[in-house]
Each structure stands twice: as C-alpha cells, then as structure tokens.
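Shown next, in structure tokens, is the structure this report addresses.
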Amino acid sequence: QVQLVESGGGLVQPGGSLRLSCAASGFTFGWHQIAWFRQAPRKEREGLSCIFNRDGSTYYADSVKGRFTISRDSAKNTVYLQMNSLKVEDTAVYYCAMRFSTAPPLAVPRRNEYQVWGQGTQVTVSS
C-alpha cells in the first residue's frame with residue numbers, strides 16, 4: 001500500500017538548519033503532489049509547501065518562504081524539506097502527505113486535499 005515515512009527531525013538551536021526527508025513507497029512517482037505540513041501543540045495543522053512531481057513546481061506558505069526549500073529525488077522516491085534560519089516558533093511535528101494530481105500547486109496545501117499521510121517527525125527549536 002501507499003506509505004510515507006518522515007525522518008530528519010530533532011533538536012536544533014535558533015538560527016540552525018535541518019533537512020527533513022519523506023520516503024514514499026507503494027506507488028510510482030508520477031502525477032502527484034507531496035506536501036509538508038506541521039502541527040504545533042494546541043494549533044491547527046498548517047500547510048507549508050508542496051511540490052508537483054511531474055515538473056518540480058512548488059508552492060510555499062508565507063511563513064516559510066525564503067527559509068524553507070522543498071525538493072524531490074524521483075530516483076529515490078523521496079521529497080525533502082530543507083529548513084534554514086529556524087525559529088522557536090517552528091517547533092512542531094512535521095508531516096508529509098501525498099495526493100494524486102495532474103496539475104501543479106496553485107495555493108498553500110490544505111489538509112483535506114491530501115489522502116496519504118506519514119507518521120510525523122518532531123522538530124524542536126530551542127536554545
């Protein structure tokens with residue numbers, strides 16, 4: 001079955017960097033989008049960025065634009081989220097999610113649009 005597994009979370013100081021990975025299995029990379037979300041305690045799950053596998057088109061939320069970069073390695077069936085200049089408020093559980101799509105992203109990803117989810121990885125930004 002389709003499965004997503006996140007990795008790369010951890011503890012980092014403010015201003016530091018982390019790279020998250022989302023390894024996909026059970027389907028062939030093709031017509032789909034993979035997105036990154038995060039959820040902090042007592043907050044709604046927030047869409048951060050997404051990438052259209054077909055042509056690499058991306059979309060970013062304003063909260064992470066310029067600091068986070070999403071990318072893909074189709075040969076490895078893996079999507080990455082490079083996070084730089086991390087802030088305390090970036091602390092959250094980070095999730096990747098997938099939906100089949102024939103078009104590139106035109107807006108920030110929304111939770112109810114994605115059918116397959118990973119288990120999440122904790123990112124803590126603290127001094």
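Ordering of the structure tokens sets the chain letters (A, B, ...); residue numbers start at 1 within each chain; ligands are numbered from 1 in the order shown.
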
Excluding same-chain residues fewer than 5 positions from region 50-61 of chain A, what lies within 7 Å of it counting only C-alpha atoms, as a list in words?
-> Phe29, Gly30, Trp31, His32, Gln33, Ile34, Ala35, Trp36, Ile70, Pro104, Pro105, Leu106, Ala107, Val108 and Pro109 of chain A

Find the residues near Ser71 (chain A): any atom within 8 Å, counting only C-alpha atoms, skip ones fewer than 2 places away on the same chain, and give them as a VMD selection string.
-> chain A and resid 51 56 69 73 79 to 81

Choose the residue, out of A:Leu4, A:Ala24, A:Ala75, A:Ala92, that has the smallest atom-to-atom separation from Arg38 (chain A); count only C-alpha atoms.
-> A:Ala92

For Asn77 (chain A), which residue among A:Thr102, A:Gln13, A:Thr28, A:Ser49 is the nearest when counting only C-alpha atoms?
->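 Ranking A:Thr102, A:Gln13, A:Thr28, A:Ser49 by distance to Asn77 (chain A), first place goes to A:Thr28.
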
Neighbours of region 6-11 of chain A within 7 Å (only C-alpha atoms; same-chain residues fewer than 3 positions away dropped), as a list of chain:residue names?
-> A:Arg19, A:Leu20, A:Ser21, A:Cys22, A:Ala23, A:Tyr95, A:Cys96, A:Gly118, A:Gln119, A:Gly120, A:Thr121, A:Gln122, A:Val123, A:Thr124, A:Val125

Expected file contents, prior selection, all heavy atoms, as an mmCIF file, in the first residue's frame:
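Heads up, here's the output in selection17.cif:
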data_model
loop_
_atom_site.group_PDB
_atom_site.id
_atom_site.type_symbol
_atom_site.label_atom_id
_atom_site.label_comp_id
_atom_site.auth_asym_id
_atom_site.auth_seq_id
_atom_site.Cartn_x
_atom_site.Cartn_y
_atom_site.Cartn_z
ATOM 1 N N ARG A 19 17.247 19.149 7.697
ATOM 2 C CA ARG A 19 16.646 18.681 6.458
ATOM 3 C C ARG A 19 15.775 17.471 6.771
ATOM 4 O O ARG A 19 16.266 16.460 7.281
ATOM 5 C CB ARG A 19 17.704 18.297 5.422
ATOM 6 C CG ARG A 19 17.065 17.984 4.065
ATOM 7 C CD ARG A 19 18.072 17.657 2.998
ATOM 8 N NE ARG A 19 18.557 16.284 3.088
ATOM 9 C CZ ARG A 19 19.089 15.628 2.081
ATOM 10 N NH1 ARG A 19 19.213 16.206 0.899
ATOM 11 N NH2 ARG A 19 19.527 14.388 2.255
ATOM 12 N N LEU A 20 14.515 17.602 6.468
ATOM 13 C CA LEU A 20 13.569 16.501 6.637
ATOM 14 C C LEU A 20 13.462 15.711 5.341
ATOM 15 O O LEU A 20 13.554 16.275 4.253
ATOM 16 C CB LEU A 20 12.192 17.028 7.030
ATOM 17 C CG LEU A 20 12.127 17.934 8.261
ATOM 18 C CD1 LEU A 20 10.669 18.311 8.545
ATOM 19 C CD2 LEU A 20 12.762 17.276 9.466
ATOM 20 N N SER A 21 13.226 14.418 5.484
ATOM 21 C CA SER A 21 13.027 13.543 4.331
ATOM 22 C C SER A 21 11.672 12.876 4.431
ATOM 23 O O SER A 21 11.194 12.569 5.529
ATOM 24 C CB SER A 21 14.114 12.469 4.272
ATOM 25 O OG SER A 21 15.396 13.037 4.158
ATOM 26 N N CYS A 22 11.087 12.635 3.281
ATOM 27 C CA CYS A 22 9.815 11.918 3.185
ATOM 28 C C CYS A 22 9.998 10.828 2.139
ATOM 29 O O CYS A 22 10.027 11.110 0.933
ATOM 30 C CB CYS A 22 8.702 12.877 2.790
ATOM 31 S SG CYS A 22 7.113 12.101 2.444
ATOM 32 N N ALA A 23 10.141 9.605 2.601
ATOM 33 C CA ALA A 23 10.348 8.480 1.702
ATOM 34 C C ALA A 23 9.013 7.835 1.375
ATOM 35 O O ALA A 23 8.253 7.464 2.278
ATOM 36 C CB ALA A 23 11.277 7.465 2.343
ATOM 37 N N TYR A 95 4.767 16.769 9.118
ATOM 38 C CA TYR A 95 4.188 15.658 8.384
ATOM 39 C C TYR A 95 4.365 15.874 6.890
ATOM 40 O O TYR A 95 4.261 17.009 6.411
ATOM 41 C CB TYR A 95 2.694 15.545 8.657
ATOM 42 C CG TYR A 95 2.309 15.315 10.091
ATOM 43 C CD1 TYR A 95 2.078 16.385 10.950
ATOM 44 C CD2 TYR A 95 2.139 14.021 10.585
ATOM 45 C CE1 TYR A 95 1.707 16.172 12.267
ATOM 46 C CE2 TYR A 95 1.770 13.805 11.901
ATOM 47 C CZ TYR A 95 1.557 14.886 12.740
ATOM 48 O OH TYR A 95 1.185 14.674 14.044
ATOM 49 N N CYS A 96 4.567 14.792 6.152
ATOM 50 C CA CYS A 96 4.429 14.880 4.711
ATOM 51 C C CYS A 96 3.149 14.144 4.313
ATOM 52 O O CYS A 96 2.665 13.264 5.036
ATOM 53 C CB CYS A 96 5.640 14.312 3.970
ATOM 54 S SG CYS A 96 5.986 12.568 4.206
ATOM 55 N N GLY A 118 2.181 10.627 6.394
ATOM 56 C CA GLY A 118 3.197 9.960 7.176
ATOM 57 C C GLY A 118 2.871 10.070 8.667
ATOM 58 O O GLY A 118 1.875 10.677 9.059
ATOM 59 N N GLN A 119 3.753 9.501 9.487
ATOM 60 C CA GLN A 119 3.507 9.455 10.929
ATOM 61 C C GLN A 119 3.997 10.707 11.644
ATOM 62 O O GLN A 119 3.650 10.939 12.805
ATOM 63 C CB GLN A 119 4.177 8.215 11.541
ATOM 64 C CG GLN A 119 5.663 8.359 11.851
ATOM 65 C CD GLN A 119 6.547 8.403 10.609
ATOM 66 O OE1 GLN A 119 6.112 8.152 9.492
ATOM 67 N NE2 GLN A 119 7.822 8.728 10.820
ATOM 68 N N GLY A 120 4.815 11.509 10.971
ATOM 69 C CA GLY A 120 5.302 12.750 11.547
ATOM 70 C C GLY A 120 6.674 12.609 12.176
ATOM 71 O O GLY A 120 7.084 11.518 12.597
ATOM 72 N N THR A 121 7.382 13.722 12.228
ATOM 73 C CA THR A 121 8.688 13.775 12.877
ATOM 74 C C THR A 121 8.769 15.079 13.670
ATOM 75 O O THR A 121 8.377 16.136 13.180
ATOM 76 C CB THR A 121 9.833 13.650 11.851
ATOM 77 O OG1 THR A 121 11.087 13.585 12.534
ATOM 78 C CG2 THR A 121 9.867 14.806 10.856
ATOM 79 N N GLN A 122 9.274 14.984 14.889
ATOM 80 C CA GLN A 122 9.298 16.143 15.778
ATOM 81 C C GLN A 122 10.498 17.031 15.464
ATOM 82 O O GLN A 122 11.633 16.556 15.351
ATOM 83 C CB GLN A 122 9.384 15.683 17.245
ATOM 84 C CG GLN A 122 9.530 16.804 18.255
ATOM 85 C CD GLN A 122 8.270 17.626 18.397
ATOM 86 O OE1 GLN A 122 7.167 17.077 18.507
ATOM 87 N NE2 GLN A 122 8.410 18.954 18.411
ATOM 88 N N VAL A 123 10.230 18.319 15.359
ATOM 89 C CA VAL A 123 11.271 19.336 15.230
ATOM 90 C C VAL A 123 11.138 20.280 16.419
ATOM 91 O O VAL A 123 10.070 20.851 16.649
ATOM 92 C CB VAL A 123 11.145 20.112 13.911
ATOM 93 C CG1 VAL A 123 12.114 21.303 13.898
ATOM 94 C CG2 VAL A 123 11.403 19.199 12.726
ATOM 95 N N THR A 124 12.226 20.413 17.168
ATOM 96 C CA THR A 124 12.238 21.310 18.323
ATOM 97 C C THR A 124 13.353 22.320 18.139
ATOM 98 O O THR A 124 14.515 21.941 17.960
ATOM 99 C CB THR A 124 12.438 20.528 19.622
ATOM 100 O OG1 THR A 124 11.405 19.546 19.760
ATOM 101 C CG2 THR A 124 12.408 21.465 20.826
ATOM 102 N N VAL A 125 12.981 23.594 18.175
ATOM 103 C CA VAL A 125 13.952 24.675 18.045
ATOM 104 C C VAL A 125 14.041 25.367 19.401
ATOM 105 O O VAL A 125 13.090 25.986 19.860
ATOM 106 C CB VAL A 125 13.559 25.678 16.951
ATOM 107 C CG1 VAL A 125 14.662 26.724 16.773
ATOM 108 C CG2 VAL A 125 13.286 24.951 15.638
#

In Å and to one decimal, CA of Arg45 (chain A) is distant from CA of Ser74 (chain A) by 26.5 Å
